[in-house]
file query-v2.txt (compact mmCIF, C-alpha atoms)
# COMPACT_ATOMS: atom_id res chain seq x y z
CA ALA A 1107 17.47 13.05 17.27
CA THR A 1108 18.51 12.35 13.70
CA SER A 1109 21.51 10.96 11.89
CA VAL A 1110 21.60 12.43 8.40
CA GLU A 1111 24.46 10.18 7.31
CA ARG A 1112 22.61 6.99 8.26
CA GLY A 1113 19.13 8.24 7.48
CA TRP A 1114 18.05 7.41 11.05
CA VAL A 1115 15.57 9.18 13.28
CA LEU A 1116 15.09 8.61 17.01
CA LEU A 1117 11.53 9.00 18.29
CA PRO A 1118 9.96 8.79 21.75
CA ASP A 1119 8.88 5.30 22.78
CA GLY A 1120 5.26 4.97 21.69
CA GLY A 1121 4.72 1.65 23.44
CA PRO A 1122 3.74 -1.65 21.84
CA SER A 1123 1.75 -1.59 18.61
CA LEU A 1124 -1.79 -2.92 18.27
CA GLY A 1125 -0.41 -6.01 16.57
CA ASP A 1126 1.94 -6.68 19.49
CA ARG A 1127 -0.67 -6.07 22.19
CA LEU A 1128 -3.80 -7.65 20.78
CA GLU A 1129 -5.05 -10.52 18.68
CA GLY A 1130 -8.30 -12.02 17.44
CA PRO A 1131 -11.54 -10.10 18.06
CA ALA A 1132 -9.80 -7.59 20.35
CA LEU A 1133 -7.43 -6.62 17.54
CA VAL A 1134 -10.28 -6.28 15.05
CA ASP A 1135 -12.17 -4.06 17.52
CA ALA A 1136 -9.12 -1.83 18.02
CA LEU A 1137 -8.57 -1.52 14.28
CA GLY A 1138 -12.24 -0.65 13.90
CA GLU A 1139 -11.62 2.33 16.17
CA ALA A 1140 -8.33 3.35 14.58
CA LEU A 1141 -9.20 3.26 10.89
CA PRO A 1142 -11.86 6.01 10.93
CA ALA A 1143 -9.33 8.29 12.63
CA TYR A 1144 -6.88 7.51 9.85
CA GLY A 1145 -9.53 8.27 7.23
CA ARG A 1146 -10.22 11.65 8.84
CA LEU A 1147 -6.49 12.37 8.77
CA GLN A 1148 -6.45 11.70 5.04
CA LEU A 1149 -9.42 13.99 4.46
CA ASP A 1150 -7.69 16.75 6.43
CA LEU A 1151 -4.55 16.36 4.31
CA ALA A 1152 -6.29 16.13 0.92
CA PRO A 1153 -6.19 19.92 0.30
CA ARG A 1154 -2.43 19.90 0.97
CA THR A 1155 -1.26 17.23 -1.48
CA HIS A 1156 0.79 19.71 -3.49
CA GLU A 1157 2.72 20.61 -0.34
CA LEU A 1158 3.41 16.92 0.25
CA LEU A 1159 4.62 16.50 -3.33
CA GLU A 1160 6.88 19.54 -2.98
CA LEU A 1161 8.38 17.94 0.13
CA GLY A 1162 9.37 14.94 -1.98
CA VAL A 1163 6.62 12.44 -1.20
CA SER A 1164 6.30 10.08 -4.19
CA ASP A 1165 3.50 10.84 -6.65
CA MET A 1166 1.24 7.79 -6.98
CA ARG A 1167 -1.94 9.69 -7.84
CA PRO A 1168 -4.25 7.89 -10.29
CA GLU A 1169 -3.21 10.05 -13.24
CA SER A 1170 0.44 9.13 -12.62
CA MET A 1171 -0.06 5.41 -12.24
CA PRO A 1172 -0.03 4.26 -15.91
CA SER A 1173 3.57 5.48 -16.22
CA ARG A 1174 4.31 4.12 -12.75
CA PHE A 1175 3.01 0.76 -13.96
CA ASP A 1176 5.56 0.86 -16.78
CA GLU A 1177 8.30 1.63 -14.23
CA ALA A 1178 7.25 -1.31 -12.07
CA VAL A 1179 7.20 -3.68 -15.04
CA GLU A 1180 10.73 -2.70 -16.04
CA ALA A 1181 11.95 -3.00 -12.46
CA VAL A 1182 10.52 -6.49 -12.12
CA ARG A 1183 11.78 -7.49 -15.57
CA ALA A 1184 15.31 -6.50 -14.54
CA TYR A 1185 14.95 -8.47 -11.31
CA VAL A 1186 13.74 -11.61 -13.13
CA GLU A 1187 16.56 -11.37 -15.67
CA ARG A 1188 19.20 -10.67 -13.00
CA ARG A 1189 18.35 -13.79 -11.07
CA ASP A 1190 17.68 -15.77 -14.27
CA GLY A 1191 14.07 -16.37 -13.25
CA ASP A 1192 12.22 -19.46 -14.36
CA ASP A 1193 9.65 -19.67 -17.15
CA SER A 1194 6.84 -19.32 -14.62
CA GLU A 1195 8.07 -15.87 -13.56
CA ARG A 1196 8.48 -14.74 -17.15
CA SER A 1197 5.02 -15.97 -17.99
CA ARG A 1198 3.46 -14.14 -15.04
CA LEU A 1199 5.27 -10.97 -16.03
CA GLN A 1200 3.87 -11.17 -19.54
CA GLU A 1201 0.38 -11.62 -18.11
CA VAL A 1202 0.87 -8.47 -16.06
CA VAL A 1203 2.16 -6.56 -19.10
CA ALA A 1204 -1.00 -7.57 -20.95
CA MET A 1205 -3.04 -5.88 -18.19
CA ARG A 1206 -1.75 -2.38 -18.97
CA ASP A 1207 -4.95 -1.20 -20.68
CA THR A 1208 -6.97 -2.56 -17.77
CA VAL A 1209 -4.77 -0.78 -15.22
CA GLU A 1210 -5.04 2.45 -17.20
CA ARG A 1211 -8.82 2.11 -17.22
CA TRP A 1212 -8.83 1.57 -13.45
CA CYS A 1213 -6.73 4.70 -13.02
CA GLY A 1214 -9.19 6.72 -15.09
CA GLN A 1215 -12.05 5.49 -12.95
CA LEU A 1216 -10.19 6.41 -9.77
CA ALA A 1217 -9.34 9.88 -11.06
CA ALA A 1218 -13.03 10.46 -11.84
CA SER A 1219 -14.33 9.02 -8.55
CA GLY A 1220 -14.63 12.29 -6.67
CA VAL A 1221 -12.43 11.01 -3.84
CA PRO A 1222 -9.42 13.36 -3.71
CA ALA A 1223 -5.84 12.18 -3.57
CA SER A 1224 -4.16 12.33 -0.18
CA LEU A 1225 -1.39 10.78 1.86
CA ASP A 1226 -1.32 6.99 1.74
CA HIS A 1227 0.74 5.38 4.49
CA ASN A 1228 1.35 2.55 2.01
CA ASP A 1229 2.12 0.05 4.79
CA LEU A 1230 -0.76 0.53 7.22
CA HIS A 1231 -1.12 -2.61 9.31
CA ALA A 1232 -1.66 -3.37 12.98
CA TRP A 1233 2.08 -3.26 13.76
CA ASN A 1234 2.29 0.34 12.55
CA ILE A 1235 -0.48 1.67 14.80
CA LEU A 1236 0.18 2.82 18.37
CA GLY A 1237 -2.16 3.75 21.19
CA SER A 1238 -5.90 3.27 21.03
CA GLY A 1239 -9.19 5.15 21.10
CA SER A 1240 -8.75 8.93 21.02
CA ASP A 1241 -4.96 8.51 21.47
CA VAL A 1242 -4.37 6.41 18.36
CA ARG A 1243 -1.20 7.22 16.41
CA PHE A 1244 0.16 6.00 13.09
CA TYR A 1245 3.87 5.60 12.55
CA ASP A 1246 6.56 4.30 10.18
CA TRP A 1247 5.65 6.59 7.28
CA GLY A 1248 8.78 5.78 5.28
CA ASP A 1249 6.77 4.16 2.49
CA GLY A 1250 4.21 6.98 2.34
CA VAL A 1251 3.02 8.25 -1.04
CA VAL A 1252 0.46 10.69 -2.41
CA ALA A 1253 -2.21 8.47 -3.90
CA GLN A 1254 -5.86 7.58 -4.03
CA PRO A 1255 -6.29 7.31 -0.23
CA PHE A 1256 -8.27 4.06 -0.23
CA ALA A 1257 -5.17 2.15 -1.37
CA SER A 1258 -4.18 2.24 2.32
CA MET A 1259 -6.53 -0.68 2.94
CA LEU A 1260 -4.35 -2.98 0.84
CA ALA A 1261 -2.32 -3.75 3.96
CA LEU A 1262 -5.37 -5.27 5.65
CA GLY A 1263 -4.13 -8.42 3.98
CA TRP A 1264 -1.34 -8.58 6.58
CA VAL A 1265 -3.76 -9.23 9.44
CA PRO A 1266 -5.26 -12.74 9.69
CA MET A 1267 -9.04 -12.45 10.02
CA GLU A 1268 -12.33 -13.62 8.57
CA ASP A 1269 -13.70 -11.99 5.43
CA SER A 1270 -16.63 -10.63 7.43
CA GLU A 1271 -14.20 -8.94 9.84
CA ARG A 1272 -12.22 -7.48 6.96
CA GLU A 1273 -15.40 -6.06 5.45
CA ARG A 1274 -16.34 -4.59 8.82
CA LEU A 1275 -12.99 -2.79 8.99
CA ARG A 1276 -13.32 -1.63 5.40
CA ASP A 1277 -16.71 -0.13 6.19
CA ALA A 1278 -15.42 1.51 9.38
CA TYR A 1279 -12.61 3.12 7.42
CA LEU A 1280 -15.00 4.37 4.73
CA GLY A 1281 -17.29 6.01 7.29
CA PRO A 1282 -15.60 9.45 7.21
CA PHE A 1283 -15.84 9.50 3.40
CA GLY A 1284 -19.61 8.96 3.41
CA ASP A 1285 -20.38 12.49 2.19
CA LEU A 1286 -18.43 11.94 -1.03
CA ALA A 1287 -20.44 9.10 -2.57
CA PRO A 1288 -22.91 6.30 -1.73
CA HIS A 1289 -21.38 3.47 0.28
CA ALA A 1290 -21.57 0.90 -2.54
CA GLU A 1291 -19.72 3.29 -4.82
CA LEU A 1292 -17.05 3.89 -2.18
CA VAL A 1293 -16.58 0.11 -1.82
CA ASP A 1294 -16.05 -0.25 -5.57
CA THR A 1295 -13.59 2.63 -5.55
CA LEU A 1296 -11.69 1.09 -2.64
CA GLU A 1297 -11.30 -2.21 -4.42
CA LEU A 1298 -9.96 -0.47 -7.53
CA ALA A 1299 -7.62 1.67 -5.42
CA CYS A 1300 -6.18 -1.39 -3.72
CA ARG A 1301 -5.62 -3.14 -7.04
CA VAL A 1302 -3.76 -0.11 -8.42
CA GLY A 1303 -2.00 0.25 -5.07
CA LYS A 1304 -0.20 -3.02 -5.74
CA VAL A 1305 1.84 -1.15 -8.35
CA ALA A 1306 2.88 1.43 -5.75
CA ARG A 1307 3.86 -1.37 -3.38
CA ALA A 1308 5.98 -2.98 -6.09
CA LEU A 1309 7.85 0.30 -6.59
CA THR A 1310 8.29 0.71 -2.85
CA TRP A 1311 9.89 -2.73 -2.66
CA HIS A 1312 12.07 -1.90 -5.65
CA ARG A 1313 13.29 1.32 -4.03
CA SER A 1314 14.19 -0.65 -0.90
CA ILE A 1315 16.22 -3.38 -2.60
CA SER A 1316 17.37 -1.90 -5.92
CA GLU A 1317 20.96 -1.39 -4.75
CA LEU A 1318 21.27 -4.84 -3.16
CA GLU A 1319 22.72 -7.96 -4.68
CA PRO A 1320 21.60 -11.56 -4.16
CA GLY A 1321 23.21 -12.79 -0.97
CA GLU A 1322 23.07 -9.40 0.76
CA VAL A 1323 19.49 -9.92 1.89
CA GLU A 1324 16.99 -12.77 2.14
CA GLU A 1325 15.37 -13.78 -1.13
CA ARG A 1326 11.90 -13.11 0.28
CA TRP A 1327 12.80 -9.41 0.45
CA LEU A 1328 14.39 -9.32 -2.99
CA SER A 1329 11.24 -10.82 -4.49
CA GLY A 1330 8.94 -8.27 -2.83
CA ALA A 1331 8.59 -6.10 -5.95
CA SER A 1332 7.80 -9.00 -8.27
CA GLU A 1333 5.35 -10.65 -5.89
CA SER A 1334 3.53 -7.35 -5.33
CA LEU A 1335 3.24 -6.72 -9.07
CA PHE A 1336 2.25 -10.33 -9.80
CA SER A 1337 -0.55 -10.02 -7.25
CA LEU A 1338 -2.38 -7.94 -9.88
CA LEU A 1339 -3.22 -11.32 -11.40
CA GLU A 1340 -5.12 -12.42 -8.28
CA ASP A 1341 -8.88 -12.08 -7.96
CA SER A 1342 -8.57 -10.56 -4.50
CA TRP A 1343 -8.24 -6.78 -4.23
CA LEU A 1344 -6.04 -7.44 -1.21
CA GLY A 1345 -3.51 -9.79 -2.70
CA ARG A 1346 0.00 -9.51 -1.35
CA ALA A 1347 0.39 -6.24 0.56
call {"tool": "encode", "arguments": {"input": "query-v2.txt", "output": "structure tokens"}}
result
Amino acid sequence: ATSVERGWVLLPDGGPSLGDRLEGPALVDALGEALPAYGRLQLDLAPRTHELLELGVSDMRPESMPSRFDEAVEAVRAYVERRDGDDSERSRLQEVVAMRDTVERWCGQLAASGVPASLDHNDLHAWNILGSGSDVRFYDWGDGVVAQPFASMLALGWVPMEDSERERLRDAYLGPFGDLAPHAELVDTLELACRVGKVARALTWHRSISELEPGEVEERWLSGASESLFSLLEDSWLGRA
């Protein structure tokens, strides 16, 4: 069932998510099974990106991201000015602005990587995955975009785990893409995709809260766009998902 006026959709009960059912090594194991299935889904959809764009899915492909970066900067600038942000926020924003050439270079590298654009869930974490094994399902696609597919791994930062476990999941996810490039090259591409993906996350946050005023929602949600964009300054490719 749907409610067009409210923008609601009613779906069958898919049961508890992986994040609700599991924790620790069991959760890592389950994600290790789910992520290759997600990667295969992205490969299947790659030839149909123009259909997705025609349906209205946001265009966050590498060639679009320099202008998207400019959009995100202006959105965050307006947020900082609206709430009369402190000097620290203004300073961080200027540091991000100074990264534009770097971001544009990353986008060029991604466009030339040989990994085709596809659907990026853009919020893929353990609480958005249902089922397990051959019956795994991915839901809550409201933030989905057409992008360099590896940016999906940015949300691994939501799940507490050791670096070695995170690398194991990264490698499991990359398995289906093994015919496109050597593994080390895929790893480098994934790290770049996740860095650029922070811009897409900033715009997703902005879309969610742009019509809200301070006091209508918790500050931690209002600051989502700025914190996502500022995470470009971090050394980690994960940063703030």
call {"tool": "residues_near_point", "arguments": {"input": "query-v2.txt", "point": "(-13.4, 8.7, -9.1)", "cutoff": "12 Å", "atoms": "only C-alpha atoms", "output": "list in words"}}
result
Arg1167, Pro1168, Glu1169, Arg1211, Trp1212, Cys1213, Gly1214, Gln1215, Leu1216, Ala1217, Ala1218, Ser1219, Gly1220, Val1221, Pro1222, Ala1223, Gln1254, Pro1255, Phe1256, Leu1286, Ala1287, Glu1291, Leu1292, Val1293, Asp1294, Thr1295, Leu1296, Leu1298 and Ala1299 of chain A
call {"tool": "closest_residue", "arguments": {"input": "query-v2.txt", "among": "A:Gln1148, A:Thr1155, A:Ser1342, A:Gln1200", "to": "A:Phe1283", "atoms": "only C-alpha atoms"}}
result
A:Gln1148
call {"tool": "residues_near_point", "arguments": {"input": "query-v2.txt", "point": "(4.5, -15.8, -9.6)", "cutoff": "9 Å", "atoms": "all atoms listed in the file", "output": "list in words"}}
result
Ser1194, Glu1195, Arg1196, Ser1197, Arg1198, Leu1199, Ser1332, Glu1333, Phe1336 and Ser1337 of chain A
call {"tool": "closest_residue", "arguments": {"input": "query-v2.txt", "among": "A:Leu1128, A:Val1242, A:Ala1107, A:Ala1232", "to": "A:Val1265", "atoms": "only C-alpha atoms"}}
result
A:Ala1232
call {"tool": "atom_distance", "arguments": {"input": "query-v2.txt", "atom1": "atom CA of A:Pro1131", "atom2": "atom CA of A:Asp1229"}}
result
21.6 Å
call {"tool": "decode", "arguments": {"input": "query-v2.txt", "residues": "stretch 1244-1292 of chain A", "atoms": "N, CA and C atoms", "output": "PDB file, in the first residue's frame"}}
result
ATOM      1  N   PHE A1244      18.015  -6.325   0.545  1.00  0.00           N
ATOM      2  CA  PHE A1244      18.473  -4.980   0.905  1.00  0.00           C
ATOM      3  C   PHE A1244      17.287  -4.030   0.813  1.00  0.00           C
ATOM      4  N   TYR A1245      17.103  -3.232   1.847  1.00  0.00           N
ATOM      5  CA  TYR A1245      15.931  -2.359   1.838  1.00  0.00           C
ATOM      6  C   TYR A1245      16.285  -0.952   2.296  1.00  0.00           C
ATOM      7  N   ASP A1246      15.264  -0.083   2.294  1.00  0.00           N
ATOM      8  CA  ASP A1246      15.407   1.337   2.628  1.00  0.00           C
ATOM      9  C   ASP A1246      16.289   2.033   1.586  1.00  0.00           C
ATOM     10  N   TRP A1247      15.803   2.051   0.349  1.00  0.00           N
ATOM     11  CA  TRP A1247      16.545   2.614  -0.773  1.00  0.00           C
ATOM     12  C   TRP A1247      16.267   4.101  -0.973  1.00  0.00           C
ATOM     13  N   GLY A1248      15.685   4.767  -0.007  1.00  0.00           N
ATOM     14  CA  GLY A1248      15.301   6.163  -0.184  1.00  0.00           C
ATOM     15  C   GLY A1248      16.449   7.105  -0.454  1.00  0.00           C
ATOM     16  N   ASP A1249      17.662   6.736  -0.046  1.00  0.00           N
ATOM     17  CA  ASP A1249      18.827   7.585  -0.288  1.00  0.00           C
ATOM     18  C   ASP A1249      19.585   7.171  -1.547  1.00  0.00           C
ATOM     19  N   GLY A1250      19.073   6.185  -2.288  1.00  0.00           N
ATOM     20  CA  GLY A1250      19.806   5.625  -3.412  1.00  0.00           C
ATOM     21  C   GLY A1250      20.147   6.646  -4.480  1.00  0.00           C
ATOM     22  N   VAL A1251      21.311   6.475  -5.093  1.00  0.00           N
ATOM     23  CA  VAL A1251      21.799   7.352  -6.154  1.00  0.00           C
ATOM     24  C   VAL A1251      22.469   6.496  -7.226  1.00  0.00           C
ATOM     25  N   VAL A1252      22.648   7.059  -8.401  1.00  0.00           N
ATOM     26  CA  VAL A1252      23.488   6.438  -9.424  1.00  0.00           C
ATOM     27  C   VAL A1252      24.885   7.005  -9.251  1.00  0.00           C
ATOM     28  N   ALA A1253      25.846   6.133  -8.989  1.00  0.00           N
ATOM     29  CA  ALA A1253      27.179   6.597  -8.619  1.00  0.00           C
ATOM     30  C   ALA A1253      28.219   5.530  -8.925  1.00  0.00           C
ATOM     31  N   GLN A1254      29.469   5.849  -8.628  1.00  0.00           N
ATOM     32  CA  GLN A1254      30.492   4.813  -8.650  1.00  0.00           C
ATOM     33  C   GLN A1254      30.084   3.812  -7.566  1.00  0.00           C
ATOM     34  N   PRO A1255      29.852   2.539  -7.920  1.00  0.00           N
ATOM     35  CA  PRO A1255      29.193   1.621  -6.985  1.00  0.00           C
ATOM     36  C   PRO A1255      29.947   1.402  -5.683  1.00  0.00           C
ATOM     37  N   PHE A1256      31.277   1.514  -5.707  1.00  0.00           N
ATOM     38  CA  PHE A1256      32.058   1.205  -4.511  1.00  0.00           C
ATOM     39  C   PHE A1256      31.786   2.176  -3.370  1.00  0.00           C
ATOM     40  N   ALA A1257      31.198   3.337  -3.666  1.00  0.00           N
ATOM     41  CA  ALA A1257      30.879   4.292  -2.605  1.00  0.00           C
ATOM     42  C   ALA A1257      29.932   3.693  -1.576  1.00  0.00           C
ATOM     43  N   SER A1258      29.264   2.600  -1.931  1.00  0.00           N
ATOM     44  CA  SER A1258      28.364   1.920  -0.992  1.00  0.00           C
ATOM     45  C   SER A1258      29.075   1.505   0.281  1.00  0.00           C
ATOM     46  N   MET A1259      30.373   1.238   0.200  1.00  0.00           N
ATOM     47  CA  MET A1259      31.108   0.735   1.356  1.00  0.00           C
ATOM     48  C   MET A1259      31.404   1.811   2.383  1.00  0.00           C
ATOM     49  N   LEU A1260      31.078   3.067   2.058  1.00  0.00           N
ATOM     50  CA  LEU A1260      31.258   4.141   3.027  1.00  0.00           C
ATOM     51  C   LEU A1260      30.513   3.857   4.322  1.00  0.00           C
ATOM     52  N   ALA A1261      29.344   3.244   4.210  1.00  0.00           N
ATOM     53  CA  ALA A1261      28.516   2.994   5.397  1.00  0.00           C
ATOM     54  C   ALA A1261      29.057   1.876   6.276  1.00  0.00           C
ATOM     55  N   LEU A1262      30.140   1.213   5.868  1.00  0.00           N
ATOM     56  CA  LEU A1262      30.772   0.255   6.781  1.00  0.00           C
ATOM     57  C   LEU A1262      31.228   0.933   8.065  1.00  0.00           C
ATOM     58  N   GLY A1263      31.401   2.247   7.995  1.00  0.00           N
ATOM     59  CA  GLY A1263      31.800   2.977   9.186  1.00  0.00           C
ATOM     60  C   GLY A1263      30.753   2.962  10.287  1.00  0.00           C
ATOM     61  N   TRP A1264      29.498   2.604   9.953  1.00  0.00           N
ATOM     62  CA  TRP A1264      28.448   2.538  10.965  1.00  0.00           C
ATOM     63  C   TRP A1264      28.607   1.335  11.885  1.00  0.00           C
ATOM     64  N   VAL A1265      29.270   0.287  11.419  1.00  0.00           N
ATOM     65  CA  VAL A1265      29.321  -0.968  12.172  1.00  0.00           C
ATOM     66  C   VAL A1265      30.623  -1.034  12.960  1.00  0.00           C
ATOM     67  N   PRO A1266      30.554  -1.152  14.288  1.00  0.00           N
ATOM     68  CA  PRO A1266      31.788  -1.244  15.077  1.00  0.00           C
ATOM     69  C   PRO A1266      32.493  -2.574  14.820  1.00  0.00           C
ATOM     70  N   MET A1267      33.751  -2.495  14.404  1.00  0.00           N
ATOM     71  CA  MET A1267      34.522  -3.712  14.142  1.00  0.00           C
ATOM     72  C   MET A1267      35.994  -3.352  14.034  1.00  0.00           C
ATOM     73  N   GLU A1268      36.834  -4.376  14.052  1.00  0.00           N
ATOM     74  CA  GLU A1268      38.271  -4.179  13.904  1.00  0.00           C
ATOM     75  C   GLU A1268      38.598  -3.852  12.449  1.00  0.00           C
ATOM     76  N   ASP A1269      39.739  -3.173  12.254  1.00  0.00           N
ATOM     77  CA  ASP A1269      40.154  -2.832  10.893  1.00  0.00           C
ATOM     78  C   ASP A1269      40.318  -4.082  10.036  1.00  0.00           C
ATOM     79  N   SER A1270      40.826  -5.148  10.628  1.00  0.00           N
ATOM     80  CA  SER A1270      41.017  -6.381   9.861  1.00  0.00           C
ATOM     81  C   SER A1270      39.676  -6.946   9.398  1.00  0.00           C
ATOM     82  N   GLU A1271      38.635  -6.812  10.226  1.00  0.00           N
ATOM     83  CA  GLU A1271      37.310  -7.284   9.839  1.00  0.00           C
ATOM     84  C   GLU A1271      36.733  -6.404   8.732  1.00  0.00           C
ATOM     85  N   ARG A1272      36.970  -5.103   8.836  1.00  0.00           N
ATOM     86  CA  ARG A1272      36.479  -4.192   7.815  1.00  0.00           C
ATOM     87  C   ARG A1272      37.139  -4.491   6.463  1.00  0.00           C
ATOM     88  N   GLU A1273      38.434  -4.776   6.498  1.00  0.00           N
ATOM     89  CA  GLU A1273      39.141  -5.118   5.261  1.00  0.00           C
ATOM     90  C   GLU A1273      38.637  -6.435   4.692  1.00  0.00           C
ATOM     91  N   ARG A1274      38.315  -7.365   5.564  1.00  0.00           N
ATOM     92  CA  ARG A1274      37.753  -8.642   5.101  1.00  0.00           C
ATOM     93  C   ARG A1274      36.427  -8.420   4.374  1.00  0.00           C
ATOM     94  N   LEU A1275      35.572  -7.556   4.920  1.00  0.00           N
ATOM     95  CA  LEU A1275      34.295  -7.270   4.276  1.00  0.00           C
ATOM     96  C   LEU A1275      34.502  -6.513   2.972  1.00  0.00           C
ATOM     97  N   ARG A1276      35.429  -5.586   2.978  1.00  0.00           N
ATOM     98  CA  ARG A1276      35.749  -4.869   1.739  1.00  0.00           C
ATOM     99  C   ARG A1276      36.143  -5.845   0.646  1.00  0.00           C
ATOM    100  N   ASP A1277      37.007  -6.790   0.976  1.00  0.00           N
ATOM    101  CA  ASP A1277      37.483  -7.755  -0.013  1.00  0.00           C
ATOM    102  C   ASP A1277      36.364  -8.692  -0.462  1.00  0.00           C
ATOM    103  N   ALA A1278      35.481  -9.065   0.463  1.00  0.00           N
ATOM    104  CA  ALA A1278      34.343  -9.910   0.090  1.00  0.00           C
ATOM    105  C   ALA A1278      33.448  -9.178  -0.900  1.00  0.00           C
ATOM    106  N   TYR A1279      33.200  -7.921  -0.636  1.00  0.00           N
ATOM    107  CA  TYR A1279      32.367  -7.115  -1.536  1.00  0.00           C
ATOM    108  C   TYR A1279      33.005  -6.999  -2.916  1.00  0.00           C
ATOM    109  N   LEU A1280      34.323  -6.816  -2.960  1.00  0.00           N
ATOM    110  CA  LEU A1280      35.008  -6.616  -4.235  1.00  0.00           C
ATOM    111  C   LEU A1280      35.101  -7.888  -5.066  1.00  0.00           C
ATOM    112  N   GLY A1281      34.849  -9.042  -4.453  1.00  0.00           N
ATOM    113  CA  GLY A1281      34.993 -10.304  -5.164  1.00  0.00           C
ATOM    114  C   GLY A1281      34.294 -10.345  -6.513  1.00  0.00           C
ATOM    115  N   PRO A1282      33.016  -9.976  -6.611  1.00  0.00           N
ATOM    116  CA  PRO A1282      32.327 -10.041  -7.898  1.00  0.00           C
ATOM    117  C   PRO A1282      32.898  -9.116  -8.975  1.00  0.00           C
ATOM    118  N   PHE A1283      33.673  -8.122  -8.567  1.00  0.00           N
ATOM    119  CA  PHE A1283      34.244  -7.175  -9.520  1.00  0.00           C
ATOM    120  C   PHE A1283      35.641  -7.591  -9.993  1.00  0.00           C
ATOM    121  N   GLY A1284      36.073  -8.781  -9.601  1.00  0.00           N
ATOM    122  CA  GLY A1284      37.445  -9.207  -9.840  1.00  0.00           C
ATOM    123  C   GLY A1284      37.845  -9.279 -11.299  1.00  0.00           C
ATOM    124  N   ASP A1285      36.880  -9.396 -12.215  1.00  0.00           N
ATOM    125  CA  ASP A1285      37.217  -9.452 -13.639  1.00  0.00           C
ATOM    126  C   ASP A1285      37.510  -8.076 -14.227  1.00  0.00           C
ATOM    127  N   LEU A1286      37.223  -7.015 -13.478  1.00  0.00           N
ATOM    128  CA  LEU A1286      37.369  -5.665 -14.020  1.00  0.00           C
ATOM    129  C   LEU A1286      38.759  -5.085 -13.840  1.00  0.00           C
ATOM    130  N   ALA A1287      39.479  -5.523 -12.820  1.00  0.00           N
ATOM    131  CA  ALA A1287      40.802  -4.964 -12.541  1.00  0.00           C
ATOM    132  C   ALA A1287      41.477  -5.815 -11.475  1.00  0.00           C
ATOM    133  N   PRO A1288      42.813  -5.729 -11.337  1.00  0.00           N
ATOM    134  CA  PRO A1288      43.490  -6.423 -10.239  1.00  0.00           C
ATOM    135  C   PRO A1288      42.957  -5.957  -8.889  1.00  0.00           C
ATOM    136  N   HIS A1289      43.050  -6.826  -7.890  1.00  0.00           N
ATOM    137  CA  HIS A1289      42.477  -6.526  -6.580  1.00  0.00           C
ATOM    138  C   HIS A1289      43.036  -5.229  -5.995  1.00  0.00           C
ATOM    139  N   ALA A1290      44.353  -5.038  -6.053  1.00  0.00           N
ATOM    140  CA  ALA A1290      44.944  -3.831  -5.464  1.00  0.00           C
ATOM    141  C   ALA A1290      44.388  -2.574  -6.117  1.00  0.00           C
ATOM    142  N   GLU A1291      44.141  -2.642  -7.406  1.00  0.00           N
ATOM    143  CA  GLU A1291      43.568  -1.493  -8.113  1.00  0.00           C
ATOM    144  C   GLU A1291      42.123  -1.263  -7.684  1.00  0.00           C
ATOM    145  N   LEU A1292      41.380  -2.336  -7.489  1.00  0.00           N
ATOM    146  CA  LEU A1292      40.000  -2.200  -7.014  1.00  0.00           C
ATOM    147  C   LEU A1292      39.958  -1.581  -5.622  1.00  0.00           C
TER     148      LEU A1292
END
